[in-house]
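**Q** Enclosed is the structure file model-v3.txt (compact mmCIF, C-alpha atoms).
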# COMPACT_ATOMS: atom_id res chain seq x y z
CA MET A 124 57.35 31.53 45.71
CA ASN A 125 56.62 33.79 42.76
CA ILE A 126 53.48 32.74 40.88
CA ARG A 127 52.23 34.31 37.68
CA VAL A 128 49.00 33.93 35.67
CA MET A 129 49.03 34.13 31.88
CA ASN A 130 46.73 33.50 28.93
CA ARG A 131 47.39 31.26 25.91
CA TYR A 132 48.62 34.12 23.72
CA ASP A 133 50.98 35.81 26.18
CA ILE A 134 52.69 32.56 27.23
CA GLN A 135 53.78 31.91 23.64
CA GLU A 136 55.77 35.17 23.61
CA ALA A 137 56.95 35.07 27.22
CA GLU A 138 60.59 34.97 28.27
CA PHE A 139 61.57 34.31 31.85
CA ASP A 140 65.07 34.90 33.17
CA CYS A 141 64.72 32.48 36.08
CA PRO A 142 64.13 28.73 36.23
CA HIS A 143 60.39 28.10 36.17
CA ILE A 144 57.65 25.55 35.55
CA VAL A 145 54.42 25.95 33.59
CA ILE A 146 51.00 24.55 34.44
CA SER A 147 49.07 24.76 31.15
CA ILE A 148 45.30 24.27 31.22
CA THR A 149 43.01 24.24 28.20
CA ASP A 150 39.78 22.54 27.10
CA ASP A 151 41.27 19.80 24.93
CA ALA A 152 44.75 18.55 24.06
CA GLU A 153 44.61 20.08 20.57
CA PHE A 154 44.49 23.59 22.05
CA PHE A 155 47.68 23.66 24.13
CA PRO A 156 49.84 26.65 23.15
CA ASP A 157 53.50 26.47 22.19
CA ILE A 158 55.43 27.30 25.35
CA PRO A 159 59.00 28.63 25.13
CA GLU A 160 61.51 26.28 26.72
CA LYS A 161 64.15 28.83 27.80
CA ASN A 162 64.74 28.33 31.54
CA CYS A 163 61.67 26.08 31.71
CA GLN A 164 62.20 23.14 34.05
CA GLY A 165 58.95 21.39 33.15
CA ILE A 166 55.47 21.73 31.70
CA ILE A 167 52.34 19.92 32.83
CA LYS A 168 49.32 19.96 30.55
CA ILE A 169 45.82 19.52 31.93
CA ALA A 170 42.80 19.34 29.59
CA VAL A 171 39.68 20.33 31.54
CA TRP A 172 36.79 22.63 30.75
CA ASP A 173 36.13 25.76 32.77
CA THR A 174 33.22 24.57 34.91
CA GLU A 175 32.47 24.88 38.60
CA ASP A 176 29.41 22.65 38.74
CA GLY A 177 29.85 20.14 35.89
CA LYS A 178 26.94 21.69 34.00
CA ASN A 179 27.71 25.28 33.11
CA PHE A 180 30.98 26.19 31.44
CA ARG A 181 33.01 28.94 29.82
CA SER A 182 34.95 28.06 26.69
CA ILE A 183 36.48 29.80 23.71
CA HIS A 184 36.81 26.44 21.92
CA ASN A 185 33.56 24.55 22.58
CA LEU A 186 30.92 27.23 22.21
CA GLY A 187 28.38 24.91 20.55
CA ALA A 188 28.64 22.15 23.14
CA SER A 189 25.66 21.39 25.35
CA ASP A 190 27.22 18.83 27.68
CA ILE A 191 30.61 18.67 29.36
CA PRO A 192 32.39 15.33 28.91
CA THR A 193 32.88 13.76 32.34
CA ASP A 194 36.63 13.40 31.80
CA LYS A 195 36.84 17.17 31.21
CA ILE A 196 35.70 18.11 34.74
CA PHE A 197 38.55 18.96 37.13
CA ASN A 198 38.91 16.31 39.84
CA THR A 199 41.26 15.05 42.57
CA HIS A 200 43.39 13.20 40.01
CA HIS A 201 44.15 16.50 38.25
CA ALA A 202 44.89 18.16 41.60
CA GLN A 203 47.27 15.32 42.52
CA GLU A 204 49.08 15.66 39.19
CA ILE A 205 49.56 19.40 39.71
CA LEU A 206 50.73 19.07 43.31
CA GLU A 207 53.16 16.23 42.53
CA PHE A 208 54.55 18.22 39.59
CA VAL A 209 55.01 21.39 41.66
CA PHE A 210 56.61 19.65 44.63
CA LYS A 211 58.92 17.67 42.33
CA HIS A 212 60.34 20.90 40.88
CA LEU A 213 59.96 23.31 43.79
CA HIS A 214 63.57 23.09 45.00
CA LYS A 215 65.00 24.26 41.67
CA ILE A 216 62.68 27.03 40.47
CA GLY A 217 61.96 30.67 41.22
CA LEU A 218 58.62 30.97 39.41
CA ILE A 219 55.45 29.00 38.76
CA VAL A 220 53.50 30.07 35.66
CA CYS A 221 49.83 29.11 35.58
CA GLN A 222 48.34 29.46 32.11
CA CYS A 223 44.88 28.86 30.69
CA ASP A 224 43.09 30.05 27.56
CA VAL A 225 42.00 33.47 28.82
CA GLY A 226 44.15 33.70 31.95
CA LEU A 227 41.33 34.58 34.33
CA SER A 228 39.64 31.50 35.76
CA ARG A 229 41.39 28.10 35.69
CA SER A 230 44.91 29.54 35.85
CA ALA A 231 43.90 32.07 38.53
CA ALA A 232 42.37 29.30 40.64
CA THR A 233 45.50 27.17 40.30
CA ALA A 234 47.70 30.15 41.16
CA ALA A 235 45.53 31.07 44.15
CA ALA A 236 45.62 27.52 45.54
CA LEU A 237 49.38 27.16 45.07
CA SER A 238 49.99 30.59 46.57
CA LYS A 239 47.86 29.67 49.61
CA ILE A 240 49.81 26.43 50.04
CA LEU A 241 53.29 27.82 49.40
CA ASN A 242 53.01 31.46 50.51
CA GLY A 243 50.20 31.36 53.07
CA SER A 244 47.74 33.42 51.01
CA GLY A 245 46.30 33.47 47.52
CA GLU A 246 44.19 36.61 47.94
CA GLU A 247 45.86 38.50 45.08
CA PHE A 248 44.31 36.03 42.65
CA PHE A 249 40.79 36.69 43.97
CA LYS A 250 40.92 40.33 42.86
CA SER A 251 40.03 41.84 39.50
CA PRO A 252 40.66 40.93 36.74
CA TYR A 253 40.71 37.34 37.98
CA ILE A 254 37.64 35.14 38.44
CA PRO A 255 39.10 31.95 39.98
CA ASN A 256 37.30 28.71 39.25
CA ARG A 257 36.10 27.60 42.71
CA LEU A 258 36.07 23.89 41.81
CA ILE A 259 39.73 23.96 40.80
CA TYR A 260 40.78 26.08 43.79
CA GLU A 261 38.93 23.99 46.37
CA THR A 262 39.97 20.65 44.84
CA ILE A 263 43.69 21.55 44.90
CA ILE A 264 43.47 22.94 48.46
CA ASN A 265 41.50 19.93 49.73
CA GLU A 266 43.82 17.46 48.03
CA TYR A 267 46.87 19.15 49.53
CA TYR A 268 45.55 19.27 53.10
CA HIS A 269 44.05 15.77 52.89
CA ASN A 270 47.26 14.14 51.66
CA ARG A 271 49.70 16.27 53.62
CA LYS A 272 48.69 14.34 56.74
CA ASP A 273 50.11 11.06 55.40
CA GLY A 274 53.42 12.59 54.32
CA SER A 275 52.56 13.30 50.70
CA TYR A 276 53.62 16.67 49.34
CA LYS A 277 56.37 17.30 51.85
CA ARG A 278 57.36 20.88 51.50
CA PRO A 279 61.03 21.24 50.63
CA GLU A 280 63.00 24.36 51.35
CA ILE A 281 61.93 26.99 48.83
CA THR A 282 64.71 28.82 47.07
CA ASN A 283 64.69 31.36 44.29
CA GLY A 284 66.16 28.85 41.91
CA PRO A 285 69.44 26.96 41.82
Kindly present the structure from the file in structure tokens form.
**A**
Amino acid sequence: MNIRVMNRYDIQEAEFDCPHIVISITDDAEFFPDIPEKNCQGIIKIAVWDTEDGKNFRSIHNLGASDIPTDKIFNTHHAQEILEFVFKHLHKIGLIVCQCDVGLSRSAATAAALSKILNGSGEEFFKSPYIPNRLIYETIINEYYHNRKDGSYKRPEITNGP
């Protein structure tokens, strides 16, 4: 499966020739970018801060904040939403676009986890310029392998679109 990482500015100008889905991650709902709908089969929006420990964070929107709201820390519920969304659309797409504000941490972690699950490796997203958020990566991976045992997230045949 082709997986691409983008930032909030590039996604607004992007055009994709193949059917695709977008996983959009930003700090708060008010900051989601406008995403072109051409060939887009679905968009999931996740509002979580870029933190790996629930204390320290990186943000272009909340620079003056001292505490991270609990509901803004990535958790298994977010991982479930992403996995269900991906597996729902997997049979009809040729590309997964993972987008966050800067395109280096949250989106790279999501891309790395999905690439590991779908392609067997996500190593390309652990190289410069990416700095994958370990909490997001590990939560998606753990959720997938934990729930795969009970039949959740059955992997359909992957095609390059319809």
**Q** Given the choices A:Ile183, A:Ala170, A:Val145, A:Ala152, which gets closest to Val225 in chain A if the distance is worked out from all atoms listed in the file?
**A**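 When distances to Val225 in chain A are compared using all atoms listed in the file, the smallest one comes from A:Ile183.
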**Q** Provide the CA of Pro252 in chain A to CA of Ala232 in chain A distance in Å, to one decimal place.
**A**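 Taking CA of Pro252 in chain A and CA of Ala232 in chain A, their separation equals 12.4 Å.
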**Q** Under the rule that only C-alpha atoms are counted, which of A:Leu258, A:Ile263, A:Ala137, A:Leu206 is the nearest residue to Asp176 in chain A?
**A** A:Leu258
**Q** Using all atoms listed in the file, which of the listed residues (A:Gln203, A:Thr193, A:Ser230, A:Asn198) sits closest to Ile148 in chain A?
**A** A:Ser230
**Q** To one decimal place, how far is CA of Arg257 in chain A from CA of Asn185 in chain A in Å?
**A**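 These two atoms are separated by 20.5 Å.
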**Q** What's the 12 Å shell around Ser251 in chain A, counting only C-alpha atoms, without same-chain residues fewer than 5 positions away, as a PyMOL selection string?
**A** chain A and resi 226-228+231+246
**Q** Which is closer to Ala236 in chain A than all the others in A:Val220, A:Ile264, A:Val171, A:Ile191, using only C-alpha atoms?
**A**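 Closest residue, counting only C-alpha atoms: A:Ile264.
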**Q** Can you work out which one of A:Asn125, A:Asn265, A:Gln164, A:Asn270 has the shortest atom-to-atom distance to Gly217 in chain A, counting all atoms listed in the file?
**A**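 Using all atoms listed in the file, the shortest distance to Gly217 in chain A belongs to A:Asn125.
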**Q** Which residue out of A:Glu175, A:Asp151, A:Glu247, A:Glu204 has the minimum interatomic distance to Arg127 in chain A when all atoms listed in the file are used?
**A**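 Checking each candidate against Arg127 in chain A, we get A:Glu247 as the closest.
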**Q** Kindly give the distance, in Å, that separates CA of Asn256 in chain A and CA of Asn162 in chain A, rounded to a single decimal.
**A**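 Between these atoms lies a distance of 28.5 Å.
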